[in-house]
$ cat run_28.tsv   # TSV, C-alpha atoms
chain	number	residue	atom	x	y	z
A	1	MET	CA	0.00	0.00	0.00
A	2	ASN	CA	2.84	2.40	0.82
A	3	ASN	CA	4.29	1.70	-2.63
A	4	ILE	CA	1.11	3.06	-4.22
A	5	ILE	CA	1.48	6.41	-2.43
A	6	LYS	CA	5.23	6.44	-3.09
A	7	ASN	CA	4.84	5.78	-6.81
A	8	ASN	CA	2.23	8.53	-7.09
A	9	LEU	CA	4.39	11.06	-5.25
A	10	ASP	CA	7.66	10.06	-6.93
A	11	TYR	CA	6.49	9.77	-10.53
A	12	THR	CA	3.39	11.97	-10.96
A	13	LEU	CA	2.44	15.60	-10.40
A	14	PHE	CA	-0.71	16.56	-8.48
A	15	SER	CA	-2.74	19.52	-9.72
A	16	TRP	CA	-3.85	22.46	-7.54
A	17	ALA	CA	-1.31	21.61	-4.83
A	18	LYS	CA	2.24	22.22	-3.69
A	19	GLN	CA	4.09	19.02	-4.44
A	20	GLY	CA	5.89	18.82	-1.10
A	21	GLY	CA	4.09	17.41	1.94
A	22	LEU	CA	1.14	15.89	0.07
A	23	ASN	CA	-0.81	13.10	1.74
A	24	PRO	CA	-3.39	11.97	-0.84
A	25	ILE	CA	-6.25	9.58	-0.11
A	26	ASN	CA	-5.20	6.11	-1.28
A	27	ALA	CA	-8.37	5.32	-3.23
A	28	SER	CA	-9.20	1.67	-3.82
A	29	HIS	CA	-12.69	1.57	-5.35
A	30	ALA	CA	-16.01	3.39	-5.43
A	31	LYS	CA	-19.69	2.50	-5.47
A	32	GLY	CA	-22.66	4.80	-5.77
A	33	CYS	CA	-21.88	7.99	-3.84
A	34	TYR	CA	-19.04	6.48	-1.78
A	35	ILE	CA	-15.28	6.13	-2.28
A	36	TYR	CA	-13.26	3.59	-0.28
A	37	ASP	CA	-9.57	3.77	0.57
A	38	ARG	CA	-7.26	0.78	0.96
A	39	ASP	CA	-7.84	0.68	4.71
A	40	GLY	CA	-11.55	0.19	4.10
A	41	LYS	CA	-12.51	3.71	5.17
A	42	LYS	CA	-15.61	5.05	3.39
A	43	TYR	CA	-15.87	8.63	2.11
A	44	LEU	CA	-19.07	10.36	1.01
A	45	ASP	CA	-18.27	11.82	-2.40
A	46	PHE	CA	-19.77	15.29	-2.21
A	47	SER	CA	-17.94	16.48	-5.35
A	48	SER	CA	-18.86	13.61	-7.70
A	49	GLN	CA	-15.15	13.25	-8.51
A	50	LEU	CA	-14.92	16.04	-9.69
A	51	MET	CA	-18.39	16.68	-11.04
A	52	ASN	CA	-17.82	14.00	-13.69
A	53	VAL	CA	-19.61	11.11	-11.97
A	54	ASN	CA	-22.88	12.72	-10.93
A	55	ILE	CA	-24.78	9.57	-11.93
A	56	GLY	CA	-22.82	7.65	-9.28
A	57	HIS	CA	-19.75	5.41	-9.29
A	58	GLY	CA	-19.99	1.98	-10.87
A	59	ASN	CA	-23.33	2.52	-12.60
A	60	GLN	CA	-23.80	-0.73	-14.52
A	61	ARG	CA	-25.85	0.80	-17.31
A	62	ILE	CA	-23.02	3.21	-18.08
A	63	THR	CA	-20.13	0.75	-17.71
A	64	LYS	CA	-21.84	-1.81	-19.96
A	65	ALA	CA	-22.63	0.80	-22.61
A	66	VAL	CA	-19.03	2.07	-22.58
A	67	ALA	CA	-17.61	-1.46	-22.79
A	68	ALA	CA	-19.93	-2.37	-25.68
A	69	GLN	CA	-18.95	0.75	-27.62
A	70	MET	CA	-15.23	0.15	-26.99
A	71	GLU	CA	-15.53	-3.37	-28.35
A	72	ARG	CA	-17.32	-2.14	-31.47
A	73	LEU	CA	-15.49	1.12	-32.19
A	74	SER	CA	-13.20	2.73	-29.63
A	75	TYR	CA	-11.96	5.83	-31.47
A	76	VAL	CA	-11.84	7.40	-34.91
A	77	TYR	CA	-10.52	10.80	-35.91
A	78	PRO	CA	-13.04	13.70	-35.84
A	79	GLY	CA	-13.46	13.77	-39.62
A	80	MET	CA	-15.33	10.45	-39.63
A	81	ALA	CA	-19.06	9.96	-39.09
A	82	THR	CA	-20.42	7.45	-36.57
A	83	ASP	CA	-23.92	6.46	-35.56
A	84	VAL	CA	-23.53	7.47	-31.91
A	85	ARG	CA	-22.10	10.87	-32.81
A	86	GLY	CA	-25.06	11.66	-35.05
A	87	GLU	CA	-27.61	10.31	-32.58
A	88	LEU	CA	-26.19	12.35	-29.70
A	89	GLY	CA	-26.06	15.49	-31.83
A	90	LYS	CA	-29.69	15.01	-32.85
A	91	LYS	CA	-30.78	14.44	-29.25
A	92	LEU	CA	-29.03	17.61	-28.08
A	93	ALA	CA	-30.66	19.59	-30.90
A	94	GLU	CA	-34.08	18.36	-29.76
A	95	ILE	CA	-33.65	19.48	-26.15
A	96	THR	CA	-31.71	22.75	-26.58
A	97	PRO	CA	-33.67	25.98	-27.08
A	98	GLY	CA	-34.12	28.10	-30.19
A	99	ASN	CA	-31.85	27.56	-33.16
A	100	LEU	CA	-29.09	25.76	-31.23
A	101	THR	CA	-29.11	22.78	-33.53
A	102	LYS	CA	-25.42	21.90	-33.86
A	103	SER	CA	-22.95	20.57	-31.28
A	104	PHE	CA	-19.17	20.52	-31.32
A	105	PHE	CA	-17.84	17.69	-29.15
A	106	THR	CA	-14.63	18.25	-27.20
A	107	LEU	CA	-12.64	16.29	-24.63
A	108	ALA	CA	-13.59	18.30	-21.54
A	109	GLY	CA	-14.88	21.61	-20.21
A	110	ALA	CA	-11.60	23.52	-20.54
A	111	ASP	CA	-11.24	22.27	-24.11
A	112	ALA	CA	-14.77	23.50	-24.83
A	113	ILE	CA	-13.92	26.96	-23.45
A	114	GLU	CA	-10.75	27.17	-25.55
A	115	ASN	CA	-12.73	26.36	-28.69
A	116	ALA	CA	-15.54	28.76	-27.75
A	117	ILE	CA	-13.03	31.61	-27.39
A	118	LYS	CA	-11.44	30.82	-30.76
A	119	LEU	CA	-14.80	30.53	-32.52
A	120	ALA	CA	-16.09	33.79	-31.00
A	121	ARG	CA	-12.99	35.71	-32.06
A	122	ILE	CA	-12.97	34.24	-35.57
A	123	TYR	CA	-16.72	34.75	-36.11
A	124	THR	CA	-16.90	38.33	-34.78
A	125	GLY	CA	-13.45	39.56	-35.78
A	126	ARG	CA	-13.22	41.03	-32.27
A	127	HIS	CA	-10.68	40.25	-29.56
A	128	LYS	CA	-11.95	40.92	-26.02
A	129	ILE	CA	-13.52	38.29	-23.78
A	130	ILE	CA	-15.53	39.36	-20.73
A	131	SER	CA	-15.83	36.96	-17.80
A	132	GLN	CA	-16.64	37.11	-14.10
A	133	TYR	CA	-14.53	37.14	-10.98
A	134	ARG	CA	-14.97	34.03	-8.80
A	135	SER	CA	-15.60	32.01	-11.95
A	136	TYR	CA	-13.87	28.81	-13.00
A	137	HIS	CA	-13.61	27.59	-16.58
A	138	GLY	CA	-10.68	25.17	-16.46
A	139	ALA	CA	-6.90	25.07	-16.08
A	140	THR	CA	-5.69	25.30	-19.69
A	141	TYR	CA	-4.11	28.51	-20.97
A	142	GLY	CA	-7.19	30.35	-22.18
A	143	ALA	CA	-9.60	28.82	-19.67
A	144	ILE	CA	-7.54	29.79	-16.62
A	145	SER	CA	-7.08	33.29	-18.06
A	146	VAL	CA	-10.82	33.93	-18.38
A	147	GLY	CA	-11.47	32.35	-14.98
A	148	GLY	CA	-11.82	34.65	-11.99
A	149	ASP	CA	-10.43	32.14	-9.52
A	150	PRO	CA	-7.78	33.80	-7.29
A	151	ARG	CA	-5.66	30.63	-7.48
A	152	LYS	CA	-4.76	31.59	-11.06
A	153	PHE	CA	-3.03	34.80	-10.03
A	154	ALA	CA	0.34	33.05	-9.69
A	155	VAL	CA	0.41	32.72	-13.48
A	156	ASP	CA	-1.01	36.16	-14.32
A	157	SER	CA	2.25	37.19	-16.00
A	158	GLN	CA	1.61	34.56	-18.67
A	159	ALA	CA	-2.17	35.06	-18.89
A	160	MET	CA	-3.94	35.35	-22.23
A	161	PRO	CA	-4.35	39.04	-23.20
A	162	ASN	CA	-7.61	40.88	-23.88
A	163	VAL	CA	-9.60	39.35	-21.02
A	164	VAL	CA	-11.77	41.68	-18.92
A	165	HIS	CA	-13.33	40.61	-15.61
A	166	VAL	CA	-16.48	41.96	-13.97
A	167	GLU	CA	-18.05	41.42	-10.55
A	168	ASN	CA	-20.69	38.72	-10.29
A	169	PRO	CA	-23.98	38.91	-8.34
A	170	TYR	CA	-22.61	37.20	-5.23
A	171	ALA	CA	-25.69	37.76	-3.10
A	172	TYR	CA	-24.13	36.60	0.19
A	173	ARG	CA	-21.65	39.50	0.09
A	174	CYS	CA	-22.97	41.61	-2.75
A	175	PRO	CA	-20.30	44.03	-4.06
A	176	TRP	CA	-22.94	46.76	-4.24
A	177	HIS	CA	-24.32	46.07	-0.72
A	178	SER	CA	-27.74	45.33	-2.17
A	179	ALA	CA	-30.66	44.52	0.11
A	180	SER	CA	-31.94	41.57	-1.95
A	181	ILE	CA	-30.80	38.92	-4.43
A	182	LYS	CA	-32.88	40.60	-7.16
A	183	GLU	CA	-31.29	43.99	-6.52
A	184	CYS	CA	-27.79	42.48	-6.51
A	185	GLY	CA	-28.49	40.88	-9.89
A	186	GLU	CA	-29.75	44.17	-11.29
A	187	ARG	CA	-26.61	45.99	-10.09
A	188	ALA	CA	-24.46	43.30	-11.69
A	189	ILE	CA	-26.19	43.79	-15.05
A	190	GLU	CA	-25.77	47.57	-14.81
A	191	ASN	CA	-22.09	47.12	-14.00
A	192	LEU	CA	-21.64	44.75	-16.95
A	193	GLU	CA	-23.24	47.28	-19.29
A	194	ARG	CA	-20.91	50.01	-18.03
A	195	VAL	CA	-17.84	47.83	-18.52
A	196	VAL	CA	-18.88	46.83	-22.05
A	197	ASN	CA	-19.38	50.49	-22.96
A	198	PHE	CA	-16.04	51.53	-21.45
A	199	GLU	CA	-14.23	48.69	-23.24
A	200	ASN	CA	-15.98	49.52	-26.56
A	201	PRO	CA	-18.80	47.13	-27.55
A	202	ASP	CA	-17.25	46.69	-31.00
A	203	SER	CA	-14.18	45.08	-29.41
A	204	VAL	CA	-16.05	42.42	-27.38
A	205	ALA	CA	-16.13	38.97	-29.00
A	206	ALA	CA	-17.94	37.11	-26.21
A	207	ILE	CA	-19.20	37.22	-22.64
A	208	LEU	CA	-18.60	34.03	-20.64
A	209	PHE	CA	-20.98	33.29	-17.79
A	210	GLU	CA	-21.50	30.24	-15.59
A	211	GLY	CA	-24.91	29.05	-14.48
A	212	GLU	CA	-23.43	28.74	-11.01
A	213	SER	CA	-20.30	30.78	-10.44
A	214	GLY	CA	-17.10	28.97	-9.49
$ encode --input "run_28.tsv" --output "structure tokens"
Amino acid sequence: MNNIIKNNLDYTLFSWAKQGGLNPINASHAKGCYIYDRDGKKYLDFSSQLMNVNIGHGNQRITKAVAAQMERLSYVYPGMATDVRGELGKKLAEITPGNLTKSFFTLAGADAIENAIKLARIYTGRHKIISQYRSYHGATYGAISVGGDPRKFAVDSQAMPNVVHVENPYAYRCPWHSASIKECGERAIENLERVVNFENPDSVAAILFEGESG
């Protein structure tokens, strides 16, 4: 068991942490909403590791479907058509609002943000991206630059240029000392409008918002 921890610490890097003095949980297996370490201790997985397993660990319907697909066709380059790709795209078109009828599949959330930034800049011919403080969009170059997470400040000197941040309607400690959630939201919109006007609306390619900040 100690070799597992040693191999992890000696040969891999851990994200979002100083590498010295780490004492990671030695995870063995997981089931449902619980993770178990190699001493048999059970942990309630409040973060759905990390928000990727919100259907629960070890869901047999999912594992069987993944295994069946891997046996039939594990990977092809993006220029090829497959039945599951078309079916998923059609399903998303049916449940998304308005004229959102096409999907672009990426590897993860940060990858999606990187592509969204590129597409917005290419489509509009503009360069500025507006995002919120206290937001999180990923840890890749562009995603961490548009994020408003204070943990990114250590790499600010290498941040992507032309990113503007605005305050978000954080009702618990509203930046405008509003008396209600509604009022805080209204002040946030007014502030966003001011920032867009100061930055020149014709220079803004996109505004990135999260449904739930952070």
$ atom_distance --input "run_28.tsv" --atom1 "CA of Ala188 (chain A)" --atom2 "CA of Phe209 (chain A)"
12.2 Å
$ residues_around --input "run_28.tsv" --residues "Asp83 (chain A)" --least-positions-apart "5" --cutoff "12 Å" --atoms "all atoms listed in the file" --output "list of chain:residue names"
A:Gln69, A:Arg72, A:Leu73, A:Leu88, A:Gly89, A:Lys90
$ atom_distance --input "run_28.tsv" --atom1 "CA of Ala143 (chain A)" --atom2 "CA of Arg121 (chain A)"
14.6 Å
$ atom_distance --input "run_28.tsv" --atom1 "CA of Gln49 (chain A)" --atom2 "CA of His29 (chain A)"
12.3 Å
$ residues_around --input "run_28.tsv" --residues "Asn115 (chain A)" --least-positions-apart "4" --cutoff "10 Å" --atoms "all atoms listed in the file" --output "list in words"
Phe104, Thr106, Gly109, Ala110, Asp111, Leu119, Ala120, Arg121, Gly142 and Ala143 of chain A
$ residues_near_point --input "run_28.tsv" --point "(-16.9, 14.3, -1.8)" --cutoff "12 Å" --atoms "all atoms listed in the file" --output "PyMOL selection string"
chain A and resi 25+30+32-36+42-54+56-57
$ residues_around --input "run_28.tsv" --residues "region 122-125 of chain A" --least-positions-apart "2" --cutoff "10 Å" --atoms "all atoms listed in the file" --output "mmCIF file with C-alpha atoms, in the frame of the given file"
data_model
loop_
_atom_site.group_PDB
_atom_site.id
_atom_site.type_symbol
_atom_site.label_atom_id
_atom_site.label_comp_id
_atom_site.auth_asym_id
_atom_site.auth_seq_id
_atom_site.Cartn_x
_atom_site.Cartn_y
_atom_site.Cartn_z
ATOM 1 C CA ALA A 116 -15.540 28.760 -27.750
ATOM 2 C CA ILE A 117 -13.030 31.610 -27.390
ATOM 3 C CA LYS A 118 -11.440 30.820 -30.760
ATOM 4 C CA LEU A 119 -14.800 30.530 -32.520
ATOM 5 C CA ALA A 120 -16.090 33.790 -31.000
ATOM 6 C CA HIS A 127 -10.680 40.250 -29.560
ATOM 7 C CA LYS A 128 -11.950 40.920 -26.020
ATOM 8 C CA ASP A 202 -17.250 46.690 -31.000
ATOM 9 C CA SER A 203 -14.180 45.080 -29.410
ATOM 10 C CA VAL A 204 -16.050 42.420 -27.380
ATOM 11 C CA ALA A 205 -16.130 38.970 -29.000
ATOM 12 C CA ALA A 206 -17.940 37.110 -26.210
#
$ residues_around --input "run_28.tsv" --residues "Cys184 (chain A)" --least-positions-apart "3" --cutoff "10 Å" --atoms "only C-alpha atoms" --output "PDB file with C-alpha atoms, in the frame of the given file"
ATOM      1  CA  ASN A 168     -20.690  38.720 -10.290  1.00  0.00           C
ATOM      2  CA  PRO A 169     -23.980  38.910  -8.340  1.00  0.00           C
ATOM      3  CA  TYR A 170     -22.610  37.200  -5.230  1.00  0.00           C
ATOM      4  CA  ALA A 171     -25.690  37.760  -3.100  1.00  0.00           C
ATOM      5  CA  TYR A 172     -24.130  36.600   0.190  1.00  0.00           C
ATOM      6  CA  ARG A 173     -21.650  39.500   0.090  1.00  0.00           C
ATOM      7  CA  CYS A 174     -22.970  41.610  -2.750  1.00  0.00           C
ATOM      8  CA  PRO A 175     -20.300  44.030  -4.060  1.00  0.00           C
ATOM      9  CA  TRP A 176     -22.940  46.760  -4.240  1.00  0.00           C
ATOM     10  CA  HIS A 177     -24.320  46.070  -0.720  1.00  0.00           C
ATOM     11  CA  SER A 178     -27.740  45.330  -2.170  1.00  0.00           C
ATOM     12  CA  ALA A 179     -30.660  44.520   0.110  1.00  0.00           C
ATOM     13  CA  SER A 180     -31.940  41.570  -1.950  1.00  0.00           C
ATOM     14  CA  ILE A 181     -30.800  38.920  -4.430  1.00  0.00           C
ATOM     15  CA  ARG A 187     -26.610  45.990 -10.090  1.00  0.00           C
ATOM     16  CA  ALA A 188     -24.460  43.300 -11.690  1.00  0.00           C
ATOM     17  CA  ILE A 189     -26.190  43.790 -15.050  1.00  0.00           C
ATOM     18  CA  GLU A 190     -25.770  47.570 -14.810  1.00  0.00           C
TER      19      GLU A 190
END
$ residues_around --input "run_28.tsv" --residues "region 2-10 of chain A" --least-positions-apart "6" --cutoff "10 Å" --atoms "all atoms listed in the file" --output "MDAnalysis selection string"
chainID A and resid 19:27
$ closest_residue --input "run_28.tsv" --among "A:Ser15, A:Gln132, A:Val163, A:Ile113" --to "Pro150 (chain A)" --atoms "only C-alpha atoms"
A:Gln132
$ closest_residue --input "run_28.tsv" --among "A:Glu186, A:Glu94, A:Asp156, A:Glu167" --to "Ser131 (chain A)" --atoms "all atoms listed in the file"
A:Glu167
$ closest_residue --input "run_28.tsv" --among "A:Pro78, A:Gly98, A:Ile207, A:Ala17" --to "Val146 (chain A)" --atoms "all atoms listed in the file"
A:Ile207
$ decode --input "run_28.tsv" --residues "region 99-114 of chain A" --atoms "N, CA and C atoms" --output "CSV table (one decimal), in the first residue's frame"
chain,number,residue,atom,x,y,z
A,99,ASN,N,-32.5,28.1,-32.0
A,99,ASN,CA,-31.9,27.6,-33.2
A,99,ASN,C,-30.5,26.9,-32.8
A,100,LEU,N,-30.3,26.5,-31.6
A,100,LEU,CA,-29.1,25.8,-31.2
A,100,LEU,C,-29.2,24.3,-31.7
A,101,THR,N,-28.9,24.1,-32.9
A,101,THR,CA,-29.1,22.8,-33.5
A,101,THR,C,-27.8,22.0,-33.9
A,102,LYS,N,-26.7,22.6,-33.6
A,102,LYS,CA,-25.4,21.9,-33.9
A,102,LYS,C,-24.6,21.9,-32.6
A,103,SER,N,-23.9,20.7,-32.4
A,103,SER,CA,-23.0,20.6,-31.3
A,103,SER,C,-21.5,20.3,-31.8
A,104,PHE,N,-20.6,20.8,-31.0
A,104,PHE,CA,-19.2,20.5,-31.3
A,104,PHE,C,-18.6,19.8,-30.1
A,105,PHE,N,-18.3,18.5,-30.3
A,105,PHE,CA,-17.8,17.7,-29.2
A,105,PHE,C,-16.3,17.9,-28.9
A,106,THR,N,-16.0,18.1,-27.6
A,106,THR,CA,-14.6,18.3,-27.2
A,106,THR,C,-14.3,17.2,-26.1
A,107,LEU,N,-13.1,17.3,-25.6
A,107,LEU,CA,-12.6,16.3,-24.6
A,107,LEU,C,-13.1,16.6,-23.2
A,108,ALA,N,-13.2,17.9,-22.9
A,108,ALA,CA,-13.6,18.3,-21.5
A,108,ALA,C,-14.0,19.8,-21.5
A,109,GLY,N,-14.4,20.3,-20.3
A,109,GLY,CA,-14.9,21.6,-20.2
A,109,GLY,C,-13.9,22.7,-20.6
A,110,ALA,N,-12.6,22.5,-20.2
A,110,ALA,CA,-11.6,23.5,-20.5
A,110,ALA,C,-11.4,23.5,-22.0
A,111,ASP,N,-11.4,22.4,-22.7
A,111,ASP,CA,-11.2,22.3,-24.1
A,111,ASP,C,-12.4,23.0,-24.8
A,112,ALA,N,-13.6,22.8,-24.3
A,112,ALA,CA,-14.8,23.5,-24.8
A,112,ALA,C,-14.6,25.0,-24.8
A,113,ILE,N,-14.1,25.5,-23.6
A,113,ILE,CA,-13.9,27.0,-23.5
A,113,ILE,C,-12.9,27.5,-24.4
A,114,GLU,N,-11.8,26.8,-24.6
A,114,GLU,CA,-10.7,27.2,-25.6
A,114,GLU,C,-11.3,27.3,-27.0
